[in-house]
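Input: a single structure, listed below in structure tokens.
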Amino acid sequence: MSDFHWPAETGSLDFHTLTAAYVSGQLKPSTVVNAIYDRIEARGDDHVWIYLVSRADALKAAAELEDAGYDGRPLWGIPFSIKDCNDVIGLPTTNALKEGAYIAESTGQAVTRLFDNGAILIGKTNMDQFGIGLVGMRTPYGACSSVFNDDYISGGSSSGSGVSVAAGLSSFSIANDAAGSGRVPAGFNNIVGIKPTPGIVSNACVSGGGCVKTIETVSVFALTVEDGMAVMRIITGYDPTYPFSKPEADHVALDMRPVPPKFRFGIPAGASLRFFGDSEAERLFQEAVKRLDAMGGVAVEVDFAAFEETQRILYEGPWISERALSLDKVLAQHGDAIHPVTKKILENSGRYSSVDTFRAIHRIAELKCATRPIWDDIEVLLVPTTPTIYRKSEILADPIALNARLGIYTNFVNLMGLCGIAVPNGFRADGLPSGVTFLAPGMAEAKAAAIAAEFHRRAGIGLGMNLNPYPAYGAPTEIPAGHREIAVVGAHLSGMPLNHELTERGGVFRGHTRTTGDYRLYALTGTTPAKPGLVRDPNAKGPGIEVEIWSLPLAGFADFVERIPQPLGIGKVALESGRQVSGFLCETVALNGAIDITAHAGWKNYLASKAA
């Protein structure tokens, strides 16, 4: 670790990088906080912040952590931002309406847990007013931009939250999502957005408990799925003080799981897969399908009609009336100050009757029922996060119709009680990012996260605006009692043909990492199933080879090792973290006729290149 370098201007804020550096003493939270405030100053007026915690106060929080010493809390020293519609004690909440500002006297369970776990708040972020919009332009504080091109929208309504993570100003951000606000900014800024099942994270922290209480949810932006799920494990849980919190939230599985060796994933069938003439977005989506094929996925075309009808109900039907419960008084009191597009939408809320509302409730129940057989046939549904991206000038010219287009793959998700994870998918020829979203039934976050994380890793693109490398997640600090670790490199990886030999013996997946750079990887000949051979070569100066760390009970470990066939065996493997673990190595005699695949940096990458 002596070669560790974290540039203050661009160093990654992912959890793995920061925590490893904190533990080793190579970084301090105060160093990271100072770097963030320098970055904020260097960006100038980028419209990200509605309220910025002072540098002095953030440094005070960092100093308190440093004085007490690293204590293993999962968010110790991790900087975060929060969408302005969420209350933080002692800070102003505006909902992007200056005239409606107030100082919060309380916050909810989710935010309290962040502070209790050592997170450092940087500030409150810009948003589409009252959370109405997917564009990030309906705000009196100025419109954010995609971090890759100032002419293009950042996405909304959680615009500042998304940009703060992508620009390296926070490690994660707490956002909100009713129609897609926790996913669209992820797609436009090369980050991850996790939208949980409504009700498993308490909305008690949201101003007034939220404007669309029946469906909206707190959401999380992060640089990786692993980071986002780490936050989810902290904030998820039943809150008896919030009426829409679900008791089953305490039992939702949120631990990362290996990807199944084979799985079926849905894609919208036929004309339902729309990009509105954006050929680059269409190309990248087709590449996403191929990447999932290489992971062991089988694409299944899904009749999308029920999802399409549901998404139209959100803004073209009576659901907009729910916002009237909390916003009619605001509209009457501050009508002249409300953004004109937002005002136009809110003024339509009174046109629907109670009959219209119940008709919509019944219709959504019918549509949910119609889609249940789909979920019996697939693990996840893959959709573009958005069909395209727009310039700010285009949104100004046609604000409502283009906003509606952006929501065709997002608006139905909360109404149907689904969960979703938006991840980067690559870059268009014009340099703008594009994303996809993995959707799954309610309470299936762990299943969607496993596939989404592996997909993101295989995309081979950097994180956020600075394109920092995907972190090599290593093993957690503690292993189960009576277990021994083992590094696997080929057919025993998650999703590979022999992975069951680990799971059948009680194997526990512990993380992804790489070897040091002095290893070579070969595709061996004459092995069934196909296997690689890992060999240490002191003359090699490669990228390091991707491995997975598993642990096995002692009896299972012994049985597993006993069954390993030649020319493979178990020896000590050096990891980039400086640790050594037992792992697969290959006898050099088996390299005659083998193909050197070191440049692919891993067995799965090599297999994906063959399938492309």
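If you're wondering about the labels, chains in the structure tokens are A, B, ... by order shown, residues count from 1 in each chain, ligands from 1 in order shown.
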### Message
Write out as an MDAnalysis selection string the set of residues from region 367-450 of chain A that DSSP, computed on the backbone, places in alpha helix (DSSP H).
### Response
chainID A and resid 367:377 392:397 399:406 412:415 445:450
### Task
Pick out the residues sitting within 9 Å of region 557-559 of chain A, and hand them over as a list in words; count only C-alpha atoms, and ignore anything fewer than 6 positions along from it in its own chain.
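Contacts, in chain order: His483, Arg484, Glu485, Ile486, Leu502, Arg505, Gly507 and Ser551 of chain A.
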### Query
Closest to Arg264 (chain A) among A:Tyr51, A:Phe304, A:Trp375, A:Phe285, using only C-alpha atoms?
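For Arg264 (chain A), the nearest of the given residues is A:Trp375.
Among A:Gly210, A:Pro140, A:Pro387, A:Pro261, the residue with the shortest atom-to-atom distance to Ile408 (chain A), counting only C-alpha atoms, is A:Pro387.
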### Query
So, counting only C-alpha atoms, which residue among A:Ala271, A:Val423, A:Leu327, A:Ala288 is closest to Ala305 (chain A)?
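Using only C-alpha atoms, Ala305 (chain A) sits closest to A:Ala271.
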### Message
So that I can see what lies close to Val383 (chain A), please list as an MDAnalysis selection string the residues with an atom at most 7 Å from it, counting only C-alpha atoms and leaving out residues fewer than 3 positions away in the same chain.
### Response
chainID A and resid 267 409 436:438
Could you dump the residues just selected with N, CA and C atoms as a compact mmCIF listing (two decimals), in the first residue's frame?
```
# COMPACT_ATOMS: atom_id res chain seq x y z
N ILE A 267 -36.91 -7.73 -21.31
CA ILE A 267 -36.72 -6.45 -22.00
C ILE A 267 -38.05 -6.10 -22.67
N TYR A 409 -39.92 4.87 -18.71
CA TYR A 409 -39.38 3.66 -18.07
C TYR A 409 -39.27 3.80 -16.55
N VAL A 436 -28.86 2.15 -17.62
CA VAL A 436 -29.96 1.19 -17.64
C VAL A 436 -30.43 0.99 -16.21
N THR A 437 -31.63 0.45 -16.07
CA THR A 437 -32.19 0.19 -14.75
C THR A 437 -32.65 -1.26 -14.67
N PHE A 438 -32.32 -1.90 -13.56
CA PHE A 438 -32.78 -3.26 -13.29
C PHE A 438 -33.96 -3.16 -12.32
```
How close does each residue of region 117-139 of chain A get to region 153-166 of chain A, giving the shortest atom pair and distance in Å to one decimal for every residue with an atom at most 8 Å away, counting only C-alpha atoms, sorted by chain and residue number, as JSON lines?
```
{"residue": "A:Thr125", "atom": "CA", "partner": "A:Gly160", "partner_atom": "CA", "distance": 4.7}
{"residue": "A:Asn126", "atom": "CA", "partner": "A:Gly160", "partner_atom": "CA", "distance": 4.5}
{"residue": "A:Met127", "atom": "CA", "partner": "A:Ser158", "partner_atom": "CA", "distance": 5.0}
{"residue": "A:Asp128", "atom": "CA", "partner": "A:Ser157", "partner_atom": "CA", "distance": 4.5}
{"residue": "A:Gln129", "atom": "CA", "partner": "A:Ser157", "partner_atom": "CA", "distance": 7.7}
{"residue": "A:Gly131", "atom": "CA", "partner": "A:Ser157", "partner_atom": "CA", "distance": 5.1}
{"residue": "A:Ile132", "atom": "CA", "partner": "A:Ser157", "partner_atom": "CA", "distance": 6.3}
{"residue": "A:Gly133", "atom": "CA", "partner": "A:Ser157", "partner_atom": "CA", "distance": 5.2}
{"residue": "A:Leu134", "atom": "CA", "partner": "A:Gly156", "partner_atom": "CA", "distance": 4.0}
{"residue": "A:Val135", "atom": "CA", "partner": "A:Gly155", "partner_atom": "CA", "distance": 4.3}
{"residue": "A:Gly136", "atom": "CA", "partner": "A:Gly156", "partner_atom": "CA", "distance": 4.1}
{"residue": "A:Met137", "atom": "CA", "partner": "A:Ile153", "partner_atom": "CA", "distance": 7.5}
```
#### Entry: Test item, strand (DSSP E) assignment across region 359-432 of chain A, answer as a PyMOL selection string
chain A and resi 380-384+419-427
Write the selection just made, keeping all heavy atoms, as a short mmCIF file (atom, residue, chain, number, x, y, z; two decimals), in the first residue's frame?
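Written file, out_28.cif:
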```
data_model
loop_
_atom_site.label_atom_id
_atom_site.label_comp_id
_atom_site.auth_asym_id
_atom_site.auth_seq_id
_atom_site.Cartn_x
_atom_site.Cartn_y
_atom_site.Cartn_z
N VAL A 380 -35.10 -10.23 -13.36
CA VAL A 380 -35.15 -8.77 -13.39
C VAL A 380 -35.68 -8.33 -14.74
O VAL A 380 -35.65 -9.08 -15.73
CB VAL A 380 -33.75 -8.14 -13.16
CG1 VAL A 380 -33.27 -8.36 -11.74
CG2 VAL A 380 -32.74 -8.66 -14.18
N LEU A 381 -36.16 -7.10 -14.77
CA LEU A 381 -36.58 -6.47 -16.03
C LEU A 381 -35.57 -5.37 -16.34
O LEU A 381 -35.34 -4.47 -15.51
CB LEU A 381 -37.98 -5.88 -15.88
CG LEU A 381 -38.55 -5.08 -17.06
CD1 LEU A 381 -38.65 -5.94 -18.31
CD2 LEU A 381 -39.93 -4.51 -16.70
N LEU A 382 -34.94 -5.45 -17.50
CA LEU A 382 -33.95 -4.46 -17.92
C LEU A 382 -34.63 -3.42 -18.79
O LEU A 382 -35.25 -3.75 -19.81
CB LEU A 382 -32.82 -5.14 -18.71
CG LEU A 382 -31.76 -4.20 -19.29
CD1 LEU A 382 -30.85 -3.68 -18.19
CD2 LEU A 382 -30.95 -4.89 -20.37
N VAL A 383 -34.49 -2.14 -18.40
CA VAL A 383 -35.03 -1.05 -19.21
C VAL A 383 -33.98 0.05 -19.31
O VAL A 383 -33.11 0.17 -18.44
CB VAL A 383 -36.33 -0.46 -18.60
CG1 VAL A 383 -37.44 -1.48 -18.59
CG2 VAL A 383 -36.07 0.09 -17.20
N PRO A 384 -34.02 0.86 -20.37
CA PRO A 384 -33.19 2.07 -20.36
C PRO A 384 -33.62 2.94 -19.18
O PRO A 384 -34.82 3.01 -18.86
CB PRO A 384 -33.52 2.75 -21.69
CG PRO A 384 -34.16 1.67 -22.54
CD PRO A 384 -34.86 0.76 -21.58
N CYS A 419 -38.96 -2.41 -6.96
CA CYS A 419 -37.69 -1.78 -6.63
C CYS A 419 -36.87 -1.66 -7.91
O CYS A 419 -37.12 -2.36 -8.90
CB CYS A 419 -36.92 -2.58 -5.57
SG CYS A 419 -36.43 -4.24 -6.06
N GLY A 420 -35.89 -0.75 -7.90
CA GLY A 420 -35.09 -0.54 -9.10
C GLY A 420 -33.70 -0.04 -8.78
O GLY A 420 -33.52 0.71 -7.81
N ILE A 421 -32.73 -0.47 -9.58
CA ILE A 421 -31.35 -0.03 -9.42
C ILE A 421 -30.84 0.45 -10.77
O ILE A 421 -30.74 -0.32 -11.72
CB ILE A 421 -30.46 -1.14 -8.86
CG1 ILE A 421 -30.98 -1.59 -7.50
CG2 ILE A 421 -29.01 -0.67 -8.76
CD1 ILE A 421 -30.15 -2.65 -6.83
N ALA A 422 -30.55 1.75 -10.85
CA ALA A 422 -30.04 2.36 -12.08
C ALA A 422 -28.52 2.36 -12.04
O ALA A 422 -27.93 2.77 -11.04
CB ALA A 422 -30.56 3.79 -12.22
N VAL A 423 -27.89 1.90 -13.12
CA VAL A 423 -26.43 1.83 -13.18
C VAL A 423 -25.94 2.39 -14.52
O VAL A 423 -26.66 2.39 -15.51
CB VAL A 423 -25.92 0.39 -13.01
CG1 VAL A 423 -26.25 -0.15 -11.63
CG2 VAL A 423 -26.47 -0.53 -14.08
N PRO A 424 -24.69 2.85 -14.55
CA PRO A 424 -24.11 3.31 -15.82
C PRO A 424 -24.00 2.18 -16.83
O PRO A 424 -23.80 1.01 -16.47
CB PRO A 424 -22.72 3.81 -15.40
CG PRO A 424 -22.85 4.15 -13.95
CD PRO A 424 -23.79 3.12 -13.41
N ASN A 425 -24.11 2.54 -18.10
CA ASN A 425 -24.04 1.55 -19.17
C ASN A 425 -23.00 1.90 -20.22
O ASN A 425 -22.75 1.10 -21.12
CB ASN A 425 -25.42 1.41 -19.84
CG ASN A 425 -25.44 0.37 -20.93
OD1 ASN A 425 -24.83 -0.68 -20.80
ND2 ASN A 425 -26.15 0.64 -22.02
N GLY A 426 -22.38 3.06 -20.14
CA GLY A 426 -21.39 3.43 -21.15
C GLY A 426 -21.61 4.85 -21.63
O GLY A 426 -22.47 5.58 -21.12
N PHE A 427 -20.84 5.22 -22.64
CA PHE A 427 -20.88 6.59 -23.15
C PHE A 427 -21.24 6.60 -24.63
O PHE A 427 -20.79 5.75 -25.40
CB PHE A 427 -19.54 7.29 -22.92
CG PHE A 427 -19.30 7.64 -21.49
CD1 PHE A 427 -18.72 6.74 -20.61
CD2 PHE A 427 -19.67 8.89 -21.00
CE1 PHE A 427 -18.52 7.05 -19.29
CE2 PHE A 427 -19.47 9.23 -19.68
CZ PHE A 427 -18.89 8.31 -18.82
#
```
### Task
Excluding region 75-92 of chain A and residues on its chain fewer than 3 positions from it, collect all residues at most 8 Å away from it, counting only C-alpha atoms, and give them as an MDAnalysis selection string.
chainID A and resid 15 18:19 29 33 50:51 62 65 70:72 95:96 101:108 111 114 117:127 130:131 158 160:161 164 170:176 205:207
### Spatial neighbours of Leu59 (chain A), 7 Å, only C-alpha atoms, chain gap at least 4 places, as an MDAnalysis selection string
chainID A and resid 30 33 55 63
### Task
Considering only C-alpha atoms, state which residue in the set A:Leu223, A:Ala444, A:Ala35, A:Ala306 is at the smallest distance from Ile200 (chain A).
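Result for the nearest residue to Ile200 (chain A): A:Ala444.
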Selection near Tyr315 (chain A), 9 Å with only C-alpha atoms, sequence-local residues under 6 positions removed, as a CSV table (one decimal) with N, CA, C and O atoms, in the first residue's frame:
```
chain,number,residue,atom,x,y,z
A,345,ILE,N,-48.9,22.4,-13.4
A,345,ILE,CA,-49.2,21.0,-13.1
A,345,ILE,C,-50.0,20.9,-11.8
A,345,ILE,O,-51.0,20.2,-11.8
A,404,ALA,N,-42.3,14.2,-19.9
A,404,ALA,CA,-43.1,13.0,-19.9
A,404,ALA,C,-42.4,11.8,-20.7
A,404,ALA,O,-42.4,10.7,-20.2
A,411,ASN,N,-41.9,6.0,-14.5
A,411,ASN,CA,-43.1,6.5,-13.8
A,411,ASN,C,-44.0,5.3,-13.2
A,411,ASN,O,-44.7,5.5,-12.2
```
### Message
List as a ChimeraX atom specification the protein and nucleic acid residues near Gly569 (chain A), meaning an atom at most 7 Å away when only C-alpha atoms are counted, but skip any in the same chain fewer than 4 places from it.
### Response
/A:564,584-586
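Between CA of Asp356 (chain A) and CA of Lys213 (chain A) lies a distance of 18.6 Å.
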### Task
Enter the distance from CA of Lys98 (chain A) to CA of Gly142 (chain A), in Å, rounded to one decimal.
12.3 Å
